[in-house]
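Scroll down for the structure; my scribbles are underneath it.
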Amino acid sequence: MYDAECRQYLDLVAGIAVNGLGHCHPKVVEAICTQAGILMHTSKPVSHAAQPRLAKLLVEISGMNKAFFCNSGAEANEAAMKLARKAAKASGNRRRSA
């Protein structure tokens, strides 16, 4: 990133609604433009061809046997807590912390 006086900075801060991919790297811009021509946004209830492929890849990479897609961090946290309770119950560990 450069300021008005052409001084170069390395931005290591990801703020609200941004990511750590840098500032307009040509490969990232190209990938975004390509994807925008295919599918720009969808929500969880809408199926599309990429979703099962992504699920399969996530399962292979993680070593888990399922992938769960959600729309927000709140949904992800809620699902994580429910899965933790389910796993504890299945293992016989019903202890709750205070």
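Chains: A, B, ... in order of the structure tokens. Residues: from 1 per chain. Ligands: from 1, in order shown.
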Which of chain A counts as alpha helix (DSSP H) under DSSP, as a VMD selection string please?
-> chain A and resid 26 to 36 50 to 62 73 to 90
Shell around Leu54 of chain A at 12 Å using only C-alpha atoms, local window under 5 positions removed, as a list in words =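 Selected residues are Ser47, His48, Ala49, Val59, Glu60, Ile61, Ser62, Lys66, Ala67, Phe68 and Phe69 of chain A.
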Using only C-alpha atoms, what table do you get, as a Markdown table, when you list each residue of segment 14-56 of chain A with an atom no more than 10 Å from segment 70-80 of chain A, its nearest pair of atoms, and their distance in Å rounded to one decimal, rows by chain then rising number?
| residue | atom | partner | partner_atom | distance |
| --- | --- | --- | --- | --- |
| A:Thr42 | CA | A:Asn71 | CA | 9.4 |
| A:Ser43 | CA | A:Asn71 | CA | 6.6 |
| A:Lys44 | CA | A:Cys70 | CA | 6.0 |
| A:Pro45 | CA | A:Cys70 | CA | 9.3 |
Resulting file, chosen residues, C-alpha atoms, as a PDB file, in the first residue's frame:
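So the final result, stored in again-v2.pdb, reads:
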ATOM      1  CA  THR A  42     -25.828 -17.299  -2.672  1.00  0.00           C
ATOM      2  CA  SER A  43     -27.260 -18.228   0.678  1.00  0.00           C
ATOM      3  CA  LYS A  44     -27.278 -21.524   2.513  1.00  0.00           C
ATOM      4  CA  PRO A  45     -30.716 -22.776   1.368  1.00  0.00           C
TER       5      PRO A  45
END
Record the distance separating atom CA of Leu83 of chain A and atom CA of Met64 of chain A, expressed in Å with one decimal.
->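 Atom CA of Leu83 of chain A sits 13.1 Å away from atom CA of Met64 of chain A.
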Polymer residues at most 12 Å from segment 32-38 of chain A, only C-alpha atoms, same-chain spacing of 4 or more positions, as a list in words |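 Surrounding residues, per the criterion: Leu21, Cys24, His25, Pro26, Lys27, Val28, Thr42, His48, Ala49 and Ala50 of chain A.
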Between atom CA of Glu30 of chain A and atom CA of Arg53 of chain A, what is the spacing in Å?
-> 21.4 Å
Which value, in Å to one decimal, gives the distance between atom CA of Gly22 of chain A and atom CA of Gln8 of chain A?
-> 13.2 Å
